[in-house]
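Shown below: coords_34.pdb, with PDB, C-alpha atoms, pLDDT in the B column.
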```pdb
ATOM      1  CA  VAL A   1       0.000   0.000   0.000  1.00 86.00           C
ATOM      2  CA  SER A   2       2.832   2.398   0.849  1.00 86.00           C
ATOM      3  CA  ARG A   3       4.297   1.990  -2.640  1.00 90.00           C
ATOM      4  CA  LYS A   4       1.082   2.898  -4.435  1.00 92.00           C
ATOM      5  CA  GLU A   5       0.235   6.403  -5.485  1.00 92.00           C
ATOM      6  CA  LYS A   6      -2.247   8.105  -3.174  1.00 94.00           C
ATOM      7  CA  GLY A   7      -5.770   8.191  -4.568  1.00 91.00           C
ATOM      8  CA  SER A   8      -5.075   5.624  -7.287  1.00 94.00           C
ATOM      9  CA  HIS A   9      -7.272   2.658  -8.072  1.00 95.00           C
ATOM     10  CA  ASN A  10      -4.366   0.249  -7.460  1.00 95.00           C
ATOM     11  CA  ARG A  11      -3.904   1.715  -3.959  1.00 96.00           C
ATOM     12  CA  HIS A  12      -7.576   1.069  -3.161  1.00 95.00           C
ATOM     13  CA  LYS A  13      -7.241  -2.489  -4.432  1.00 96.00           C
ATOM     14  CA  ALA A  14      -4.122  -3.042  -2.323  1.00 95.00           C
ATOM     15  CA  LYS A  15      -5.862  -1.597   0.764  1.00 96.00           C
ATOM     16  CA  ARG A  16      -8.834  -3.934   0.285  1.00 96.00           C
ATOM     17  CA  LYS A  17      -6.494  -6.908  -0.148  1.00 97.00           C
ATOM     18  CA  LEU A  18      -4.530  -5.987   2.986  1.00 96.00           C
ATOM     19  CA  ALA A  19      -7.743  -5.453   4.975  1.00 97.00           C
ATOM     20  CA  ARG A  20      -8.956  -8.923   3.935  1.00 98.00           C
ATOM     21  CA  GLN A  21      -5.684 -10.469   5.134  1.00 97.00           C
ATOM     22  CA  HIS A  22      -5.871  -8.645   8.476  1.00 96.00           C
ATOM     23  CA  ALA A  23      -9.494  -9.735   8.946  1.00 97.00           C
ATOM     24  CA  ARG A  24      -8.564 -13.327   8.133  1.00 97.00           C
ATOM     25  CA  VAL A  25      -5.760 -13.361  10.729  1.00 94.00           C
ATOM     26  CA  ARG A  26      -8.064 -11.715  13.314  1.00 93.00           C
ATOM     27  CA  ASN A  27     -10.759 -14.334  12.702  1.00 96.00           C
ATOM     28  CA  ILE A  28      -8.279 -17.220  12.951  1.00 95.00           C
ATOM     29  CA  ARG A  29      -6.913 -15.907  16.266  1.00 93.00           C
ATOM     30  CA  SER A  30     -10.398 -15.303  17.633  1.00 94.00           C
ATOM     31  CA  ASN A  31     -11.493 -18.799  16.617  1.00 96.00           C
ATOM     32  CA  ASP A  32      -8.456 -20.385  18.288  1.00 95.00           C
ATOM     33  CA  LEU A  33      -9.085 -18.465  21.526  1.00 95.00           C
ATOM     34  CA  HIS A  34     -12.746 -19.493  21.548  1.00 96.00           C
ATOM     35  CA  GLN A  35     -11.970 -23.144  20.862  1.00 97.00           C
ATOM     36  CA  ALA A  36      -9.260 -23.327  23.527  1.00 95.00           C
ATOM     37  CA  SER A  37     -11.348 -21.569  26.195  1.00 96.00           C
ATOM     38  CA  THR A  38     -14.417 -23.662  25.412  1.00 96.00           C
ATOM     39  CA  SER A  39     -12.418 -26.884  25.571  1.00 96.00           C
ATOM     40  CA  ILE A  40     -10.871 -25.958  28.914  1.00 95.00           C
ATOM     41  CA  THR A  41     -14.127 -24.843  30.533  1.00 96.00           C
ATOM     42  CA  ARG A  42     -15.992 -27.954  29.367  1.00 95.00           C
ATOM     43  CA  ARG A  43     -13.331 -30.333  30.708  1.00 94.00           C
ATOM     44  CA  PHE A  44     -12.478 -28.660  34.025  1.00 93.00           C
ATOM     45  CA  HIS A  45     -14.652 -27.243  36.782  1.00 92.00           C
ATOM     46  CA  THR A  46     -11.907 -25.320  38.567  1.00 92.00           C
ATOM     47  CA  ILE A  47      -9.359 -23.473  36.450  1.00 93.00           C
ATOM     48  CA  GLY A  48      -6.273 -21.857  37.970  1.00 92.00           C
ATOM     49  CA  ILE A  49      -4.497 -19.127  36.035  1.00 92.00           C
ATOM     50  CA  GLU A  50      -1.725 -16.726  36.936  1.00 90.00           C
ATOM     51  CA  ASP A  51      -2.214 -12.977  36.789  1.00 89.00           C
ATOM     52  CA  LEU A  52       0.536 -11.783  34.460  1.00 85.00           C
ATOM     53  CA  ASN A  53       2.047  -8.328  34.022  1.00 86.00           C
ATOM     54  CA  VAL A  54       1.314  -8.211  30.293  1.00 85.00           C
ATOM     55  CA  LYS A  55       2.095  -4.511  29.979  1.00 87.00           C
ATOM     56  CA  GLY A  56       5.527  -5.092  31.486  1.00 87.00           C
ATOM     57  CA  MET A  57       6.102  -8.120  29.261  1.00 86.00           C
ATOM     58  CA  LEU A  58       5.296  -6.012  26.186  1.00 89.00           C
ATOM     59  CA  GLY A  59       8.303  -3.848  27.057  1.00 89.00           C
ATOM     60  CA  ASN A  60      10.625  -6.711  26.082  1.00 87.00           C
ATOM     61  CA  ARG A  61      11.591  -6.089  22.446  1.00 87.00           C
ATOM     62  CA  CYS A  62      12.222  -9.758  21.737  1.00 88.00           C
ATOM     63  CA  LEU A  63       8.914 -11.080  23.101  1.00 86.00           C
ATOM     64  CA  SER A  64       6.492  -8.196  22.621  1.00 88.00           C
ATOM     65  CA  ARG A  65       5.078  -9.253  19.249  1.00 88.00           C
ATOM     66  CA  ALA A  66       4.480 -12.864  20.336  1.00 88.00           C
ATOM     67  CA  ILE A  67       2.900 -11.757  23.620  1.00 87.00           C
ATOM     68  CA  ALA A  68       0.645  -9.217  21.902  1.00 86.00           C
ATOM     69  CA  ASP A  69      -0.474 -11.885  19.425  1.00 84.00           C
ATOM     70  CA  MET A  70      -1.488 -14.259  22.224  1.00 84.00           C
ATOM     71  CA  GLY A  71      -4.328 -12.123  23.580  1.00 85.00           C
ATOM     72  CA  PHE A  72      -3.923 -13.016  27.270  1.00 87.00           C
ATOM     73  CA  GLY A  73      -6.570 -10.552  28.421  1.00 87.00           C
ATOM     74  CA  GLU A  74      -9.174 -11.808  25.979  1.00 91.00           C
ATOM     75  CA  PHE A  75      -8.385 -15.424  26.859  1.00 93.00           C
ATOM     76  CA  ARG A  76      -8.878 -14.689  30.570  1.00 93.00           C
ATOM     77  CA  ARG A  77     -12.157 -12.869  29.867  1.00 94.00           C
ATOM     78  CA  GLN A  78     -13.453 -15.792  27.809  1.00 95.00           C
ATOM     79  CA  LEU A  79     -12.407 -18.315  30.447  1.00 95.00           C
ATOM     80  CA  GLU A  80     -14.236 -16.380  33.162  1.00 95.00           C
ATOM     81  CA  TYR A  81     -17.542 -15.962  31.348  1.00 96.00           C
ATOM     82  CA  LYS A  82     -17.551 -19.492  29.896  1.00 96.00           C
ATOM     83  CA  ALA A  83     -16.664 -21.042  33.250  1.00 95.00           C
ATOM     84  CA  GLY A  84     -19.551 -19.113  34.812  1.00 94.00           C
ATOM     85  CA  ARG A  85     -21.855 -20.368  32.081  1.00 94.00           C
ATOM     86  CA  HIS A  86     -20.793 -23.994  32.685  1.00 91.00           C
ATOM     87  CA  GLY A  87     -20.954 -23.696  36.474  1.00 91.00           C
ATOM     88  CA  GLY A  88     -17.207 -23.657  36.998  1.00 92.00           C
ATOM     89  CA  GLN A  89     -14.879 -21.063  38.397  1.00 92.00           C
ATOM     90  CA  VAL A  90     -11.611 -19.413  37.451  1.00 93.00           C
ATOM     91  CA  VAL A  91      -9.123 -18.849  40.261  1.00 93.00           C
ATOM     92  CA  VAL A  92      -6.639 -16.078  39.499  1.00 92.00           C
ATOM     93  CA  VAL A  93      -3.390 -16.462  41.437  1.00 91.00           C
ATOM     94  CA  ASP A  94      -1.510 -13.272  42.313  1.00 88.00           C
ATOM     95  CA  ARG A  95       1.343 -12.347  39.977  1.00 85.00           C
ATOM     96  CA  TRP A  96       3.790 -12.197  42.886  1.00 89.00           C
ATOM     97  CA  TYR A  97       3.129 -15.795  43.953  1.00 89.00           C
ATOM     98  CA  PRO A  98       6.451 -17.655  43.398  1.00 89.00           C
ATOM     99  CA  SER A  99       4.957 -20.615  41.547  1.00 87.00           C
ATOM    100  CA  SER A 100       8.241 -21.585  39.882  1.00 88.00           C
ATOM    101  CA  LYS A 101      10.354 -21.281  43.031  1.00 90.00           C
ATOM    102  CA  ILE A 102       8.277 -23.463  45.376  1.00 91.00           C
ATOM    103  CA  CYS A 103       8.934 -27.200  45.375  1.00 91.00           C
ATOM    104  CA  SER A 104       5.664 -28.931  44.503  1.00 88.00           C
ATOM    105  CA  CYS A 105       6.679 -31.994  46.530  1.00 89.00           C
ATOM    106  CA  CYS A 106       7.734 -30.576  49.894  1.00 88.00           C
ATOM    107  CA  GLY A 107       6.782 -26.888  49.706  1.00 86.00           C
ATOM    108  CA  VAL A 108      10.253 -25.423  50.275  1.00 88.00           C
ATOM    109  CA  LYS A 109      10.919 -22.138  48.477  1.00 90.00           C
ATOM    110  CA  ILE A 110      14.308 -21.633  46.861  1.00 88.00           C
ATOM    111  CA  GLU A 111      15.666 -18.084  46.918  1.00 85.00           C
ATOM    112  CA  ARG A 112      17.464 -17.779  43.602  1.00 86.00           C
ATOM    113  CA  LEU A 113      16.082 -19.081  40.325  1.00 85.00           C
ATOM    114  CA  THR A 114      16.998 -17.241  37.142  1.00 85.00           C
ATOM    115  CA  LEU A 115      14.850 -17.332  34.020  1.00 81.00           C
ATOM    116  CA  ALA A 116      17.614 -19.238  32.247  1.00 86.00           C
ATOM    117  CA  GLN A 117      17.308 -22.157  34.689  1.00 87.00           C
ATOM    118  CA  ARG A 118      14.636 -24.398  33.172  1.00 90.00           C
ATOM    119  CA  HIS A 119      15.346 -27.389  35.472  1.00 92.00           C
ATOM    120  CA  TRP A 120      16.263 -27.414  39.147  1.00 88.00           C
ATOM    121  CA  THR A 121      16.596 -29.866  42.019  1.00 89.00           C
ATOM    122  CA  CYS A 122      15.125 -29.268  45.471  1.00 88.00           C
ATOM    123  CA  ASP A 123      17.766 -29.166  48.204  1.00 87.00           C
ATOM    124  CA  ALA A 124      15.334 -30.387  50.880  1.00 87.00           C
ATOM    125  CA  CYS A 125      13.749 -33.440  49.249  1.00 89.00           C
ATOM    126  CA  GLY A 126      15.968 -33.985  46.186  1.00 88.00           C
ATOM    127  CA  ALA A 127      13.110 -33.889  43.678  1.00 89.00           C
ATOM    128  CA  ALA A 128      14.041 -32.807  40.149  1.00 92.00           C
ATOM    129  CA  HIS A 129      11.695 -30.208  38.666  1.00 92.00           C
ATOM    130  CA  ASP A 130      11.003 -28.748  35.280  1.00 92.00           C
ATOM    131  CA  ARG A 131      10.302 -25.063  35.890  1.00 91.00           C
ATOM    132  CA  ASP A 132       7.028 -24.860  33.909  1.00 91.00           C
ATOM    133  CA  VAL A 133       5.618 -28.181  35.080  1.00 93.00           C
ATOM    134  CA  ASN A 134       6.409 -27.311  38.694  1.00 92.00           C
ATOM    135  CA  ALA A 135       4.696 -23.919  38.306  1.00 92.00           C
ATOM    136  CA  ALA A 136       1.622 -25.588  36.789  1.00 92.00           C
ATOM    137  CA  ILE A 137       1.405 -28.046  39.698  1.00 93.00           C
ATOM    138  CA  ASN A 138       1.708 -25.195  42.213  1.00 92.00           C
ATOM    139  CA  LEU A 139      -0.992 -23.183  40.408  1.00 91.00           C
ATOM    140  CA  ARG A 140      -3.253 -26.227  40.444  1.00 90.00           C
ATOM    141  CA  ASN A 141      -2.676 -26.678  44.175  1.00 90.00           C
ATOM    142  CA  MET A 142      -3.446 -22.985  44.808  1.00 89.00           C
ATOM    143  CA  ALA A 143      -6.655 -23.201  42.772  1.00 89.00           C
ATOM    144  CA  VAL A 144      -7.828 -26.322  44.605  1.00 88.00           C
ATOM    145  CA  SER A 145      -6.959 -24.919  48.031  1.00 86.00           C
ATOM    146  CA  SER A 146      -8.805 -21.665  47.316  1.00 80.00           C
ATOM    147  CA  THR A 147     -11.973 -23.536  46.377  1.00 75.00           C
ATOM    148  CA  VAL A 148     -11.854 -25.574  49.581  1.00 67.00           C
ATOM    149  CA  SER A 149     -11.555 -22.477  51.762  1.00 55.00           C
TER     150      SER A 149
END
```
Transcribe the structure of this file into structure tokens.
Amino acid sequence: VSRKEKGSHNRHKAKRKLARQHARVRNIRSNDLHQASTSITRRFHTIGIEDLNVKGMLGNRCLSRAIADMGFGEFRRQLEYKAGRHGGQVVVVDRWYPSSKICSCCGVKIERLTLAQRHWTCDACGAAHDRDVNAAINLRNMAVSSTVS
């Protein structure tokens, strides 16, 4: 579009073609979000998610485009209203909860864990943890414990 002469017929054609492509991508993303949120809310009654600092994450030049494309806010909104419709609930865990740093086996919190460390071993019980799997287990435990109380 930028290479076409302003006001020309070819520029209008290029704008329509670009608008169709943008609409197609928007519809694909929206469809994926709806399908994922519907699948999750139909299969699970209690859903635990972590409150993320999306605005801060968008400040990272390397990750900002991928994070913006994900639509975290829209996904959370869809999970909440669809869970309410199906009789479930969404438990939002505070963003400062150290889900990656707490051992899911014994509950001991390690002090230092850099983002580069994807695997770590608990000093107390000796359990080996994958960072993301351990965080998911801890989020699940928080969601279950909040529904009990």
Distance atom CA of Asp94 of chain A-atom CA of Ile47 of chain A, one decimal place?
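Spanning atom CA of Asp94 of chain A to atom CA of Ile47 of chain A is a straight-line distance of 14.1 Å.
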Could you state which residues are captured by the PyMOL selection byres ((chain A and resi 50) around 7) in this file, as a CSV table (one decimal) with C-alpha atoms, keeping the file's coordinate frame?
```
chain,number,residue,atom,x,y,z
A,48,GLY,CA,-6.3,-21.9,38.0
A,49,ILE,CA,-4.5,-19.1,36.0
A,51,ASP,CA,-2.2,-13.0,36.8
A,52,LEU,CA,0.5,-11.8,34.5
A,92,VAL,CA,-6.6,-16.1,39.5
A,93,VAL,CA,-3.4,-16.5,41.4
A,94,ASP,CA,-1.5,-13.3,42.3
A,95,ARG,CA,1.3,-12.3,40.0
```
Could you produce a table of the residues of segment 36-55 of chain A lying within 8 Å of segment 67-91 of chain A, with the nearest pair of atoms per residue and their separation in Å rounded to one decimal, using all atoms listed in the file, ordered by chain and increasing residue number, as a Markdown table?
```
| residue | atom | partner | partner_atom | distance |
| --- | --- | --- | --- | --- |
| A:Ser37 | CA | A:Leu79 | CA | 5.5 |
| A:Thr38 | CA | A:Lys82 | CA | 6.9 |
| A:Ile40 | CA | A:Leu79 | CA | 7.9 |
| A:Thr41 | CA | A:Ala83 | CA | 5.3 |
| A:Arg42 | CA | A:His86 | CA | 7.1 |
| A:Phe44 | CA | A:Gly88 | CA | 7.5 |
| A:His45 | CA | A:Gly88 | CA | 4.4 |
| A:Thr46 | CA | A:Gln89 | CA | 5.2 |
| A:Ile47 | CA | A:Val90 | CA | 4.7 |
| A:Gly48 | CA | A:Val91 | CA | 4.7 |
| A:Ile49 | CA | A:Val91 | CA | 6.3 |
| A:Val54 | CA | A:Ile67 | CA | 7.7 |
```
Residue contacts of segment 12-21 of chain A (6 Å, only C-alpha atoms) excluding same-chain residues fewer than 3 positions away, as a PyMOL selection string:
chain A and resi 1+9+24
Can you tell me which residues surround segment 123-138 of chain A at a distance of at most 7 Å, considering all atoms listed in the file, apart from same-chain residues fewer than 4 positions away, and format the answer as a PyMOL selection string?
chain A and resi 99-100+104+106+118-119+142
Give me, please, the distance in Å between atom CA of Met57 of chain A and atom CA of Cys103 of chain A, quoted to one decimal.
25.1 Å
re atom CA of Pro98 of chain A and atom CA of Leu139 of chain A: distance 9.7 Å
